[in-house]
file coords-v2.cif (mmCIF, C-alpha atoms and all ligand atoms)
data_work
loop_
_atom_site.group_PDB
_atom_site.id
_atom_site.type_symbol
_atom_site.label_atom_id
_atom_site.label_comp_id
_atom_site.auth_asym_id
_atom_site.auth_seq_id
_atom_site.Cartn_x
_atom_site.Cartn_y
_atom_site.Cartn_z
ATOM 1 C CA MET A 1 -30.678 2.963 16.656
ATOM 2 C CA VAL A 2 -26.916 2.637 16.265
ATOM 3 C CA LYS A 3 -25.575 3.216 12.794
ATOM 4 C CA VAL A 4 -22.444 1.455 11.639
ATOM 5 C CA LEU A 5 -19.812 3.351 9.680
ATOM 6 C CA ASN A 6 -17.087 1.858 7.574
ATOM 7 C CA ALA A 7 -13.862 2.891 9.260
ATOM 8 C CA SER A 8 -11.379 0.799 7.348
ATOM 9 C CA PRO A 9 -11.640 -2.514 5.581
ATOM 10 C CA THR A 10 -10.944 -4.286 8.858
ATOM 11 C CA GLU A 11 -12.756 -2.107 11.346
ATOM 12 C CA GLN A 12 -16.282 -0.827 11.811
ATOM 13 C CA LEU A 13 -17.299 2.160 13.895
ATOM 14 C CA SER A 14 -20.740 2.940 15.231
ATOM 15 C CA SER A 15 -22.414 6.225 16.042
ATOM 16 C CA VAL A 16 -25.192 7.474 18.301
ATOM 17 C CA TYR A 17 -27.612 10.315 17.538
ATOM 18 C CA VAL A 18 -28.107 12.885 20.304
ATOM 19 C CA LEU A 19 -31.168 15.063 19.573
ATOM 20 C CA GLY A 20 -30.790 14.073 15.938
ATOM 21 C CA VAL A 21 -27.085 14.969 15.798
ATOM 22 C CA ARG A 22 -24.432 12.356 15.160
ATOM 23 C CA VAL A 23 -21.670 11.433 17.583
ATOM 24 C CA ASP A 24 -19.265 8.634 16.656
ATOM 25 C CA ARG A 25 -18.447 6.023 19.283
ATOM 26 C CA VAL A 26 -14.715 6.103 18.719
ATOM 27 C CA THR A 27 -11.467 6.037 20.634
ATOM 28 C CA GLN A 28 -8.697 8.489 19.868
ATOM 29 C CA GLN A 29 -6.662 5.602 18.477
ATOM 30 C CA GLN A 30 -9.450 4.788 16.001
ATOM 31 C CA VAL A 31 -9.625 8.449 14.970
ATOM 32 C CA LEU A 32 -5.886 8.541 14.317
ATOM 33 C CA ASP A 33 -5.955 5.272 12.366
ATOM 34 C CA ARG A 34 -8.899 6.485 10.299
ATOM 35 C CA LEU A 35 -7.137 9.766 9.525
ATOM 36 C CA ASP A 36 -4.009 7.884 8.601
ATOM 37 C CA SER A 37 -5.898 5.682 6.158
ATOM 38 C CA LEU A 38 -7.697 8.695 4.618
ATOM 39 C CA ILE A 39 -4.403 10.510 4.074
ATOM 40 C CA ALA A 40 -2.691 7.391 2.728
ATOM 41 C CA GLY A 41 -5.627 6.875 0.325
ATOM 42 C CA TYR A 42 -5.451 10.500 -0.798
ATOM 43 C CA ARG A 43 -1.759 10.226 -1.533
ATOM 44 C CA ALA A 44 -2.139 6.867 -3.268
ATOM 45 C CA SER A 45 -4.834 8.370 -5.511
ATOM 46 C CA GLN A 46 -2.503 11.289 -6.327
ATOM 47 C CA GLN A 47 -4.754 13.772 -4.568
ATOM 48 C CA GLN A 48 -7.837 12.612 -6.503
ATOM 49 C CA THR A 49 -10.031 11.552 -3.556
ATOM 50 C CA SER A 50 -12.289 14.263 -2.180
ATOM 51 C CA CYS A 51 -11.635 15.983 1.119
ATOM 52 C CA GLN A 52 -13.195 14.447 4.229
ATOM 53 C CA GLN A 53 -14.505 16.502 7.133
ATOM 54 C CA LEU A 54 -13.753 15.860 10.780
ATOM 55 C CA ILE A 55 -15.821 17.432 13.557
ATOM 56 C CA THR A 56 -15.091 17.670 17.271
ATOM 57 C CA ILE A 57 -18.521 17.869 18.864
ATOM 58 C CA ASN A 58 -19.751 19.218 22.203
ATOM 59 C CA PRO A 59 -23.211 20.169 23.555
ATOM 60 C CA GLU A 60 -22.966 23.701 22.110
ATOM 61 C CA PHE A 61 -22.679 22.121 18.654
ATOM 62 C CA VAL A 62 -25.715 19.913 19.254
ATOM 63 C CA MET A 63 -27.801 22.885 20.380
ATOM 64 C CA ALA A 64 -26.614 25.096 17.510
ATOM 65 C CA ALA A 65 -27.482 22.284 15.102
ATOM 66 C CA GLN A 66 -31.100 22.340 16.352
ATOM 67 C CA ARG A 67 -31.541 25.831 14.862
ATOM 68 C CA ASP A 68 -29.093 25.602 11.967
ATOM 69 C CA PRO A 69 -29.931 22.868 9.430
ATOM 70 C CA PHE A 70 -26.735 23.419 7.416
ATOM 71 C CA PHE A 71 -24.582 23.002 10.524
ATOM 72 C CA ARG A 72 -26.507 19.839 11.385
ATOM 73 C CA GLN A 73 -25.860 18.578 7.865
ATOM 74 C CA CYS A 74 -22.114 19.304 8.279
ATOM 75 C CA ILE A 75 -22.056 17.120 11.364
ATOM 76 C CA ASN A 76 -24.283 14.295 10.187
ATOM 77 C CA GLU A 77 -22.444 13.986 6.860
ATOM 78 C CA ALA A 78 -18.895 14.289 8.241
ATOM 79 C CA ALA A 79 -16.406 11.451 7.860
ATOM 80 C CA LEU A 80 -15.831 11.482 11.625
ATOM 81 C CA VAL A 81 -17.547 13.177 14.574
ATOM 82 C CA MET A 82 -15.355 12.942 17.666
ATOM 83 C CA PRO A 83 -16.963 13.115 21.137
ATOM 84 C CA ASP A 84 -15.023 16.148 22.383
ATOM 85 C CA GLY A 85 -17.299 17.594 25.081
ATOM 86 C CA ILE A 86 -18.024 15.715 28.305
ATOM 87 C CA GLY A 87 -21.718 16.567 27.814
ATOM 88 C CA VAL A 88 -21.988 14.463 24.648
ATOM 89 C CA VAL A 89 -20.111 11.632 26.371
ATOM 90 C CA TRP A 90 -22.673 11.799 29.182
ATOM 91 C CA ALA A 91 -25.606 11.979 26.722
ATOM 92 C CA ALA A 92 -24.379 8.960 24.761
ATOM 93 C CA ARG A 93 -24.132 6.986 28.014
ATOM 94 C CA TYR A 94 -27.577 8.191 29.104
ATOM 95 C CA LEU A 95 -29.011 7.018 25.768
ATOM 96 C CA GLY A 96 -27.512 3.582 26.339
ATOM 97 C CA LYS A 97 -24.921 3.867 23.550
ATOM 98 C CA PRO A 98 -21.788 5.050 25.329
ATOM 99 C CA THR A 99 -18.706 6.346 23.588
ATOM 100 C CA PRO A 100 -15.560 4.444 24.621
ATOM 101 C CA GLU A 101 -13.920 7.684 25.777
ATOM 102 C CA ARG A 102 -13.819 11.431 25.342
ATOM 103 C CA VAL A 103 -11.686 12.438 22.340
ATOM 104 C CA THR A 104 -10.607 16.071 22.525
ATOM 105 C CA GLY A 105 -9.625 18.132 19.515
ATOM 106 C CA VAL A 106 -6.463 19.557 21.035
ATOM 107 C CA ASP A 107 -5.099 16.188 22.258
ATOM 108 C CA THR A 108 -5.942 14.588 18.920
ATOM 109 C CA LEU A 109 -4.201 17.412 17.074
ATOM 110 C CA VAL A 110 -0.982 16.797 19.015
ATOM 111 C CA ASP A 111 -1.108 13.039 18.414
ATOM 112 C CA LEU A 112 -2.005 13.596 14.762
ATOM 113 C CA ALA A 113 1.047 15.866 14.456
ATOM 114 C CA LYS A 114 3.198 13.028 15.836
ATOM 115 C CA ARG A 115 1.675 10.608 13.318
ATOM 116 C CA CYS A 116 2.231 13.146 10.510
ATOM 117 C CA ALA A 117 5.865 13.569 11.550
ATOM 118 C CA ILE A 118 6.451 9.824 11.307
ATOM 119 C CA LYS A 119 4.643 9.449 7.980
ATOM 120 C CA GLY A 120 5.795 12.697 6.351
ATOM 121 C CA TYR A 121 2.229 14.067 6.076
ATOM 122 C CA ARG A 122 1.961 17.832 5.734
ATOM 123 C CA LEU A 123 -0.182 19.955 8.046
ATOM 124 C CA TYR A 124 -1.672 23.364 7.217
ATOM 125 C CA LEU A 125 -2.835 25.552 10.122
ATOM 126 C CA LEU A 126 -5.531 28.087 9.275
ATOM 127 C CA GLY A 127 -7.201 30.610 11.565
ATOM 128 C CA ALA A 128 -6.854 32.262 14.986
ATOM 129 C CA ALA A 129 -5.399 35.741 15.530
ATOM 130 C CA PRO A 130 -2.521 36.880 13.267
ATOM 131 C CA GLY A 131 0.715 35.038 14.112
ATOM 132 C CA VAL A 132 -0.947 32.417 16.331
ATOM 133 C CA ALA A 133 -1.156 29.691 13.664
ATOM 134 C CA GLU A 134 2.581 30.134 12.948
ATOM 135 C CA ALA A 135 3.385 29.902 16.676
ATOM 136 C CA ALA A 136 1.130 26.838 17.019
ATOM 137 C CA GLY A 137 3.075 25.250 14.143
ATOM 138 C CA GLU A 138 6.342 25.809 15.992
ATOM 139 C CA ARG A 139 4.880 24.321 19.162
ATOM 140 C CA LEU A 140 3.633 21.276 17.274
ATOM 141 C CA GLN A 141 7.075 20.842 15.708
ATOM 142 C CA ALA A 142 8.605 20.896 19.197
ATOM 143 C CA LEU A 143 6.121 18.237 20.332
ATOM 144 C CA ALA A 144 6.445 16.214 17.118
ATOM 145 C CA PRO A 145 10.030 16.533 15.853
ATOM 146 C CA GLY A 146 10.281 16.259 12.082
ATOM 147 C CA LEU A 147 6.716 17.505 11.523
ATOM 148 C CA LEU A 148 6.272 19.279 8.194
ATOM 149 C CA ILE A 149 4.156 22.414 8.510
ATOM 150 C CA ALA A 150 2.984 23.080 4.965
ATOM 151 C CA GLY A 151 1.717 26.524 5.907
ATOM 152 C CA ALA A 152 0.118 28.680 8.574
ATOM 153 C CA TYR A 153 -2.175 31.628 7.981
ATOM 154 C CA ALA A 154 -4.776 33.531 9.998
ATOM 155 C CA GLY A 155 -7.087 34.596 7.165
ATOM 156 C CA SER A 156 -10.736 34.924 8.071
ATOM 157 C CA PRO A 157 -13.898 32.862 7.599
ATOM 158 C CA ALA A 158 -15.368 35.604 5.355
ATOM 159 C CA PRO A 159 -16.587 34.111 2.039
ATOM 160 C CA ALA A 160 -14.705 36.833 0.119
ATOM 161 C CA GLU A 161 -11.382 35.335 1.290
ATOM 162 C CA GLU A 162 -12.138 31.727 0.447
ATOM 163 C CA ASP A 163 -10.622 31.613 -3.040
ATOM 164 C CA GLU A 164 -7.357 33.122 -1.866
ATOM 165 C CA ILE A 165 -7.106 30.823 1.158
ATOM 166 C CA ILE A 166 -7.776 27.720 -0.915
ATOM 167 C CA GLU A 167 -5.106 28.790 -3.390
ATOM 168 C CA ARG A 168 -2.609 29.144 -0.521
ATOM 169 C CA VAL A 169 -3.444 25.651 0.735
ATOM 170 C CA ARG A 170 -3.131 24.237 -2.788
ATOM 171 C CA GLU A 171 0.293 25.810 -3.270
ATOM 172 C CA ALA A 172 1.415 24.472 0.096
ATOM 173 C CA GLN A 173 0.564 20.888 -0.963
ATOM 174 C CA ALA A 174 -0.865 20.010 2.408
ATOM 175 C CA ASP A 175 -2.463 16.705 3.397
ATOM 176 C CA VAL A 176 -4.397 17.928 6.443
ATOM 177 C CA LEU A 177 -6.055 21.300 7.012
ATOM 178 C CA CYS A 178 -6.795 22.418 10.589
ATOM 179 C CA VAL A 179 -9.246 25.316 10.733
ATOM 180 C CA ALA A 180 -9.459 27.458 13.887
ATOM 181 C CA TYR A 181 -12.334 29.879 13.313
ATOM 182 C CA GLY A 182 -14.455 28.615 16.221
ATOM 183 C CA ALA A 183 -17.679 26.657 15.814
ATOM 184 C CA PRO A 184 -19.871 26.742 13.847
ATOM 185 C CA ALA A 185 -18.015 29.126 11.467
ATOM 186 C CA GLN A 186 -15.046 26.783 10.942
ATOM 187 C CA ASP A 187 -17.188 23.705 10.281
ATOM 188 C CA ARG A 188 -19.510 25.613 7.945
ATOM 189 C CA TRP A 189 -16.446 27.002 6.145
ATOM 190 C CA ILE A 190 -15.075 23.487 5.633
ATOM 191 C CA LYS A 191 -18.416 22.063 4.491
ATOM 192 C CA ARG A 192 -19.156 24.736 1.909
ATOM 193 C CA ASN A 193 -15.658 24.377 0.449
ATOM 194 C CA LEU A 194 -15.330 20.618 0.891
ATOM 195 C CA ALA A 195 -15.597 19.668 -2.780
ATOM 196 C CA ARG A 196 -12.675 21.916 -3.723
ATOM 197 C CA LEU A 197 -10.404 21.661 -0.684
ATOM 198 C CA PRO A 198 -7.031 20.349 -1.909
ATOM 199 C CA VAL A 199 -6.352 18.149 1.149
ATOM 200 C CA ALA A 200 -7.256 14.650 2.376
ATOM 201 C CA VAL A 201 -8.844 15.814 5.605
ATOM 202 C CA ALA A 202 -10.074 19.112 7.041
ATOM 203 C CA MET A 203 -10.902 19.497 10.717
ATOM 204 C CA GLY A 204 -12.291 22.304 12.840
ATOM 205 C CA VAL A 205 -10.021 22.754 15.852
ATOM 206 C CA GLY A 206 -11.668 25.647 17.755
ATOM 207 C CA GLY A 207 -9.341 27.221 20.270
ATOM 208 C CA SER A 208 -6.603 24.574 19.887
ATOM 209 C CA PHE A 209 -3.985 26.991 18.507
ATOM 210 C CA ASP A 210 -4.625 29.300 21.482
ATOM 211 C CA PHE A 211 -4.174 26.383 23.897
ATOM 212 C CA LEU A 212 -1.036 25.118 22.146
ATOM 213 C CA THR A 213 0.625 28.518 22.257
ATOM 214 C CA GLY A 214 -0.381 29.248 25.866
ATOM 215 C CA ARG A 215 -2.679 32.141 24.897
ATOM 216 C CA GLN A 216 -5.414 30.204 26.628
ATOM 217 C CA GLN A 217 -4.799 27.813 29.489
ATOM 218 C CA ARG A 218 -6.319 24.367 29.606
ATOM 219 C CA ALA A 219 -7.930 23.151 32.798
ATOM 220 C CA PRO A 220 -5.659 21.251 35.206
ATOM 221 C CA ARG A 221 -5.529 17.494 34.471
ATOM 222 C CA MET A 222 -7.665 16.707 37.499
ATOM 223 C CA MET A 223 -10.481 18.956 36.261
ATOM 224 C CA GLN A 224 -10.207 17.403 32.792
ATOM 225 C CA LYS A 225 -10.507 13.931 34.328
ATOM 226 C CA LEU A 226 -13.535 14.991 36.385
ATOM 227 C CA GLY A 227 -15.233 16.314 33.228
ATOM 228 C CA LEU A 228 -15.043 19.909 34.475
ATOM 229 C CA GLU A 229 -13.023 21.459 31.648
ATOM 230 C CA TRP A 230 -16.082 23.527 30.658
ATOM 231 C CA LEU A 231 -16.223 25.028 34.154
ATOM 232 C CA TYR A 232 -12.569 26.052 34.017
ATOM 233 C CA ARG A 233 -13.153 27.604 30.601
ATOM 234 C CA LEU A 234 -16.067 29.585 32.003
ATOM 235 C CA TYR A 235 -13.848 30.774 34.870
ATOM 236 C CA ARG A 236 -11.059 31.822 32.451
ATOM 237 C CA GLU A 237 -13.366 33.262 29.804
ATOM 238 C CA PRO A 238 -16.490 34.491 31.671
ATOM 239 C CA TRP A 239 -17.845 36.149 28.518
ATOM 240 C CA ARG A 240 -18.744 32.609 27.430
ATOM 241 C CA TRP A 241 -21.600 32.418 29.949
ATOM 242 C CA ARG A 242 -24.273 33.117 27.367
ATOM 243 C CA ARG A 243 -22.943 30.442 24.991
ATOM 244 C CA MET A 244 -22.638 28.029 27.890
ATOM 245 C CA LEU A 245 -26.322 28.336 28.730
ATOM 246 C CA ALA A 246 -26.540 25.739 25.987
ATOM 247 C CA LEU A 247 -25.217 23.182 28.495
ATOM 248 C CA PRO A 248 -28.188 23.038 30.918
ATOM 249 C CA LYS A 249 -30.602 23.363 27.969
ATOM 250 C CA PHE A 250 -28.842 20.452 26.312
ATOM 251 C CA ALA A 251 -29.054 18.275 29.445
ATOM 252 C CA ILE A 252 -32.765 19.009 29.911
ATOM 253 C CA GLN A 253 -33.576 18.263 26.279
ATOM 254 C CA VAL A 254 -31.618 15.008 26.308
ATOM 255 C CA VAL A 255 -33.514 13.871 29.406
ATOM 256 C CA LEU A 256 -36.908 14.974 28.053
ATOM 257 C CA LYS A 257 -36.534 14.112 24.370
ATOM 258 C CA GLY A 258 -33.289 12.210 23.869
ATOM 259 C CA ARG A 259 -34.704 8.715 24.012
ATOM 260 C CA LYS A 260 -37.540 9.630 21.655
ATOM 261 C CA ALA A 261 -35.382 11.449 19.098
ATOM 262 C CA ASP A 262 -34.934 9.907 15.695
ATOM 263 C CA ASP A 263 -31.560 8.995 14.236
ATOM 264 C CA ALA A 264 -30.727 11.744 11.742
HETATM 265 N N1 LIG B 1 -11.323 33.044 15.254
HETATM 266 C C1 LIG B 1 -10.798 33.565 14.070
HETATM 267 N N2 LIG B 1 -11.578 34.330 13.257
HETATM 268 C C2 LIG B 1 -12.867 34.587 13.569
HETATM 269 C C3 LIG B 1 -13.410 34.059 14.774
HETATM 270 C C4 LIG B 1 -12.611 33.287 15.600
HETATM 271 O O1 LIG B 1 -9.639 33.297 13.749
HETATM 272 O O2 LIG B 1 -13.528 35.290 12.805
HETATM 273 C C5 LIG B 1 -10.482 32.191 16.102
HETATM 274 C C6 LIG B 1 -10.130 32.733 17.474
HETATM 275 O O3 LIG B 1 -9.020 33.600 17.379
HETATM 276 C C7 LIG B 1 -9.770 31.439 18.212
HETATM 277 C C8 LIG B 1 -10.524 30.374 17.454
HETATM 278 O O4 LIG B 1 -11.186 31.035 16.388
HETATM 279 O O5 LIG B 1 -8.401 31.152 18.071
HETATM 280 C C9 LIG B 1 -11.495 29.568 18.237
HETATM 281 O O6 LIG B 1 -12.290 30.350 19.056
HETATM 282 P P1 LIG B 1 -13.098 29.734 20.277
HETATM 283 O O7 LIG B 1 -12.183 29.444 21.406
HETATM 284 O O8 LIG B 1 -14.249 30.635 20.526
HETATM 285 O O9 LIG B 1 -13.636 28.348 19.648
HETATM 286 P P2 LIG B 1 -14.272 27.105 20.338
HETATM 287 O O10 LIG B 1 -13.119 26.286 20.857
HETATM 288 O O11 LIG B 1 -15.157 27.611 21.429
HETATM 289 O O12 LIG B 1 -15.013 26.483 19.196
#
call {"tool": "encode", "arguments": {"input": "coords-v2.cif", "output": "structure tokens", "more": "lines below"}}
Ligand code: UDP
result
Amino acid sequence: MVKVLNASPTEQLSSVYVLGVRVDRVTQQQVLDRLDSLIAGYRASQQQTSCQQLITINPEFVMAAQRDPFFRQCINEAALVMPDGIGVVWAARYLGKPTPERVTGVDTLVDLAKRCAIKGYRLYLLGAAPGVAEAAGERLQALAPGLLIAGAYAGSPAPAEEDEIIERVREAQADVLCVAYGAPAQDRWIKRNLARLPVAVAMGVGGSFDFLTGRQQRAPRMMQKLGLEWLYRLYREPWRWRRMLALPKFAIQVVLKGRKADDA
């Protein structure tokens, strides 16, 4: 079954469930418009609306969510679940409910930064190795002139640091919080702090700061277009092989169980 989400008063979005895990059938443009309206609403309410979570999903997420009910809850209750990995795009098509396109976290982050620059929205970059978030902020400012970086801080996903991090974000008066602690840590971090996060939107961005600053290289455009970005990542970061075993397992389970799986 396809569930319909309220995107904005004038637009409705639908989602598909892959092995019980939600994927929204959205374009990048719809994601950006939705984020824009969430931030505008947050500002109009004088920061009174509660923070909304954004997830960029790939097959590793779907498989992790099979064994981790809290992670699955993060995804299924998020305000938006973008189809980031080519595997979920394939699965949605296989299940007869295709996503209009693949929407990657790193490309969306760059376009969101451009939108923020135009609207004066403030971005906070949290996570990655020390100094990387600051460098990613500078790179985003080069790509989106006029962008206001409210703050950048590595911190850590350890629960003991949460209070201090949230205080930093509050003082920075940010609108959007990008969290780069890798999945599922970043998405779990956002979910358990959601009710007290002093921003309109919080999104897990994985290795985006590393890509933006050139610490990690993205696959050549042609490989991205062919849906082979995962293969390039495996070539660049071979230690990922164990995590990437999730990919064939995911494909087999979608074929065997996908069409029988319940929504939610
Ligand atoms: N990271 C971090 N603290 C941690 C674990 C990871 O800051 O305790 C950062 C790491 O430096 C990297 C980011 O999390 O910048 C994302 O890592 P990865 O590429 O593994 O995430 P993925 O894109 O696979 O979700």
call {"tool": "resolve_selection", "arguments": {"input": "coords-v2.cif", "expression": "the PyMOL selection byres (((chain A and resi 121) around 10) and not hetatm)", "output": "list in words"}}
result
Asp36, Ile39, Ala40, Arg43, Leu112, Ala113, Lys114, Arg115, Cys116, Ala117, Ile118, Lys119, Gly120, Arg122, Leu123, Leu147, Leu148, Ile149, Ala150, Gln173, Ala174, Asp175 and Val176 of chain A
call {"tool": "resolve_selection", "arguments": {"input": "coords-v2.cif", "expression": "the PyMOL selection byres (((not hetatm)) within 6 of (chain B and resi 1))", "output": "list in words"}}
result
Gly127, Ala128, Ala129, Ser156, Pro157, Ala180, Tyr181, Gly182, Ala183, Gly206, Gly207 and Asp210 of chain A
call {"tool": "residues_around", "arguments": {"input": "coords-v2.cif", "residues": "region 214-219 of chain A", "least_positions_apart": "5", "cutoff": "7 Å", "atoms": "all atoms listed in the file", "output": "list in words"}}
result
Gln224, Glu229 and Tyr232 of chain A
call {"tool": "closest_atom_pairs", "arguments": {"input": "coords-v2.cif", "of": "region 87-192 of chain A", "to": "region 236-249 of chain A", "cutoff": "12 Å", "atoms": "all atoms listed in the file", "output": "tab-separated table"}}
result
residue	atom	partner	partner_atom	distance
A:Gly87	CA	A:Leu247	CA	7.5
A:Val88	CA	A:Leu247	CA	10.1
A:Trp90	CA	A:Leu247	CA	11.7
A:Ala91	CA	A:Leu247	CA	11.3
A:Ala183	CA	A:Arg243	CA	11.2
call {"tool": "write_last_selection", "arguments": {"input": "coords-v2.cif", "atoms": "C-alpha atoms", "output": "PDB file, keeping the file's coordinate frame"}}
result
ATOM      1  CA  GLY A  87     -21.718  16.567  27.814  1.00  0.00           C
ATOM      2  CA  VAL A  88     -21.988  14.463  24.648  1.00  0.00           C
ATOM      3  CA  TRP A  90     -22.673  11.799  29.182  1.00  0.00           C
ATOM      4  CA  ALA A  91     -25.606  11.979  26.722  1.00  0.00           C
ATOM      5  CA  ALA A 183     -17.679  26.657  15.814  1.00  0.00           C
TER       6      ALA A 183
END
call {"tool": "resolve_selection", "arguments": {"input": "coords-v2.cif", "expression": "the PyMOL selection byres (((chain A and resi 177) around 10) and not hetatm)", "output": "PyMOL selection string"}}
result
chain A and resi 51+53+122-126+150-152+169+174-176+178-180+190+197-205
call {"tool": "write_last_selection", "arguments": {"input": "coords-v2.cif", "atoms": "C-alpha atoms", "output": "mmCIF file, in the frame of the given file"}}
result
data_model
loop_
_atom_site.group_PDB
_atom_site.id
_atom_site.type_symbol
_atom_site.label_atom_id
_atom_site.label_comp_id
_atom_site.auth_asym_id
_atom_site.auth_seq_id
_atom_site.Cartn_x
_atom_site.Cartn_y
_atom_site.Cartn_z
ATOM 1 C CA CYS A 51 -11.635 15.983 1.119
ATOM 2 C CA GLN A 53 -14.505 16.502 7.133
ATOM 3 C CA ARG A 122 1.961 17.832 5.734
ATOM 4 C CA LEU A 123 -0.182 19.955 8.046
ATOM 5 C CA TYR A 124 -1.672 23.364 7.217
ATOM 6 C CA LEU A 125 -2.835 25.552 10.122
ATOM 7 C CA LEU A 126 -5.531 28.087 9.275
ATOM 8 C CA ALA A 150 2.984 23.080 4.965
ATOM 9 C CA GLY A 151 1.717 26.524 5.907
ATOM 10 C CA ALA A 152 0.118 28.680 8.574
ATOM 11 C CA VAL A 169 -3.444 25.651 0.735
ATOM 12 C CA ALA A 174 -0.865 20.010 2.408
ATOM 13 C CA ASP A 175 -2.463 16.705 3.397
ATOM 14 C CA VAL A 176 -4.397 17.928 6.443
ATOM 15 C CA CYS A 178 -6.795 22.418 10.589
ATOM 16 C CA VAL A 179 -9.246 25.316 10.733
ATOM 17 C CA ALA A 180 -9.459 27.458 13.887
ATOM 18 C CA ILE A 190 -15.075 23.487 5.633
ATOM 19 C CA LEU A 197 -10.404 21.661 -0.684
ATOM 20 C CA PRO A 198 -7.031 20.349 -1.909
ATOM 21 C CA VAL A 199 -6.352 18.149 1.149
ATOM 22 C CA ALA A 200 -7.256 14.650 2.376
ATOM 23 C CA VAL A 201 -8.844 15.814 5.605
ATOM 24 C CA ALA A 202 -10.074 19.112 7.041
ATOM 25 C CA MET A 203 -10.902 19.497 10.717
ATOM 26 C CA GLY A 204 -12.291 22.304 12.840
ATOM 27 C CA VAL A 205 -10.021 22.754 15.852
#
call {"tool": "build_atoms", "arguments": {"input": "coords-v2.cif", "residues": "region 17-22 of chain A", "atoms": "all heavy atoms", "output": "PDB file, keeping the file's coordinate frame"}}
result
ATOM      1  N   TYR A  17     -27.034   9.005  17.850  1.00  0.00           N
ATOM      2  CA  TYR A  17     -27.612  10.315  17.538  1.00  0.00           C
ATOM      3  C   TYR A  17     -28.161  10.944  18.809  1.00  0.00           C
ATOM      4  O   TYR A  17     -28.990  10.355  19.494  1.00  0.00           O
ATOM      5  CB  TYR A  17     -28.708  10.183  16.475  1.00  0.00           C
ATOM      6  CG  TYR A  17     -28.102  10.007  15.091  1.00  0.00           C
ATOM      7  CD1 TYR A  17     -27.592   8.790  14.686  1.00  0.00           C
ATOM      8  CD2 TYR A  17     -27.995  11.088  14.219  1.00  0.00           C
ATOM      9  CE1 TYR A  17     -27.001   8.637  13.439  1.00  0.00           C
ATOM     10  CE2 TYR A  17     -27.416  10.951  12.967  1.00  0.00           C
ATOM     11  CZ  TYR A  17     -26.917   9.719  12.590  1.00  0.00           C
ATOM     12  OH  TYR A  17     -26.322   9.580  11.356  1.00  0.00           O
ATOM     13  N   VAL A  18     -27.661  12.139  19.128  1.00  0.00           N
ATOM     14  CA  VAL A  18     -28.107  12.885  20.304  1.00  0.00           C
ATOM     15  C   VAL A  18     -28.942  14.056  19.790  1.00  0.00           C
ATOM     16  O   VAL A  18     -28.410  14.931  19.097  1.00  0.00           O
ATOM     17  CB  VAL A  18     -26.889  13.387  21.117  1.00  0.00           C
ATOM     18  CG1 VAL A  18     -27.351  14.179  22.323  1.00  0.00           C
ATOM     19  CG2 VAL A  18     -25.991  12.227  21.539  1.00  0.00           C
ATOM     20  N   LEU A  19     -30.236  14.051  20.084  1.00  0.00           N
ATOM     21  CA  LEU A  19     -31.168  15.063  19.573  1.00  0.00           C
ATOM     22  C   LEU A  19     -31.027  15.205  18.056  1.00  0.00           C
ATOM     23  O   LEU A  19     -31.000  16.306  17.513  1.00  0.00           O
ATOM     24  CB  LEU A  19     -30.947  16.418  20.273  1.00  0.00           C
ATOM     25  CG  LEU A  19     -31.092  16.406  21.802  1.00  0.00           C
ATOM     26  CD1 LEU A  19     -30.725  17.752  22.399  1.00  0.00           C
ATOM     27  CD2 LEU A  19     -32.515  16.023  22.217  1.00  0.00           C
ATOM     28  N   GLY A  20     -30.873  14.078  17.399  1.00  0.00           N
ATOM     29  CA  GLY A  20     -30.790  14.073  15.938  1.00  0.00           C
ATOM     30  C   GLY A  20     -29.425  14.434  15.378  1.00  0.00           C
ATOM     31  O   GLY A  20     -29.278  14.597  14.165  1.00  0.00           O
ATOM     32  N   VAL A  21     -28.422  14.560  16.245  1.00  0.00           N
ATOM     33  CA  VAL A  21     -27.085  14.969  15.798  1.00  0.00           C
ATOM     34  C   VAL A  21     -26.099  13.836  16.084  1.00  0.00           C
ATOM     35  O   VAL A  21     -26.072  13.273  17.177  1.00  0.00           O
ATOM     36  CB  VAL A  21     -26.651  16.271  16.515  1.00  0.00           C
ATOM     37  CG1 VAL A  21     -25.298  16.732  16.011  1.00  0.00           C
ATOM     38  CG2 VAL A  21     -27.696  17.362  16.303  1.00  0.00           C
ATOM     39  N   ARG A  22     -25.286  13.544  15.084  1.00  0.00           N
ATOM     40  CA  ARG A  22     -24.432  12.356  15.160  1.00  0.00           C
ATOM     41  C   ARG A  22     -23.207  12.531  16.057  1.00  0.00           C
ATOM     42  O   ARG A  22     -22.553  13.575  16.017  1.00  0.00           O
ATOM     43  CB  ARG A  22     -23.957  12.009  13.742  1.00  0.00           C
ATOM     44  CG  ARG A  22     -23.358  10.646  13.628  1.00  0.00           C
ATOM     45  CD  ARG A  22     -22.965  10.369  12.180  1.00  0.00           C
ATOM     46  NE  ARG A  22     -21.539  10.183  12.085  1.00  0.00           N
ATOM     47  CZ  ARG A  22     -20.797  10.563  11.063  1.00  0.00           C
ATOM     48  NH1 ARG A  22     -21.336  11.177  10.038  1.00  0.00           N
ATOM     49  NH2 ARG A  22     -19.504  10.335  11.060  1.00  0.00           N
TER      50      ARG A  22
END
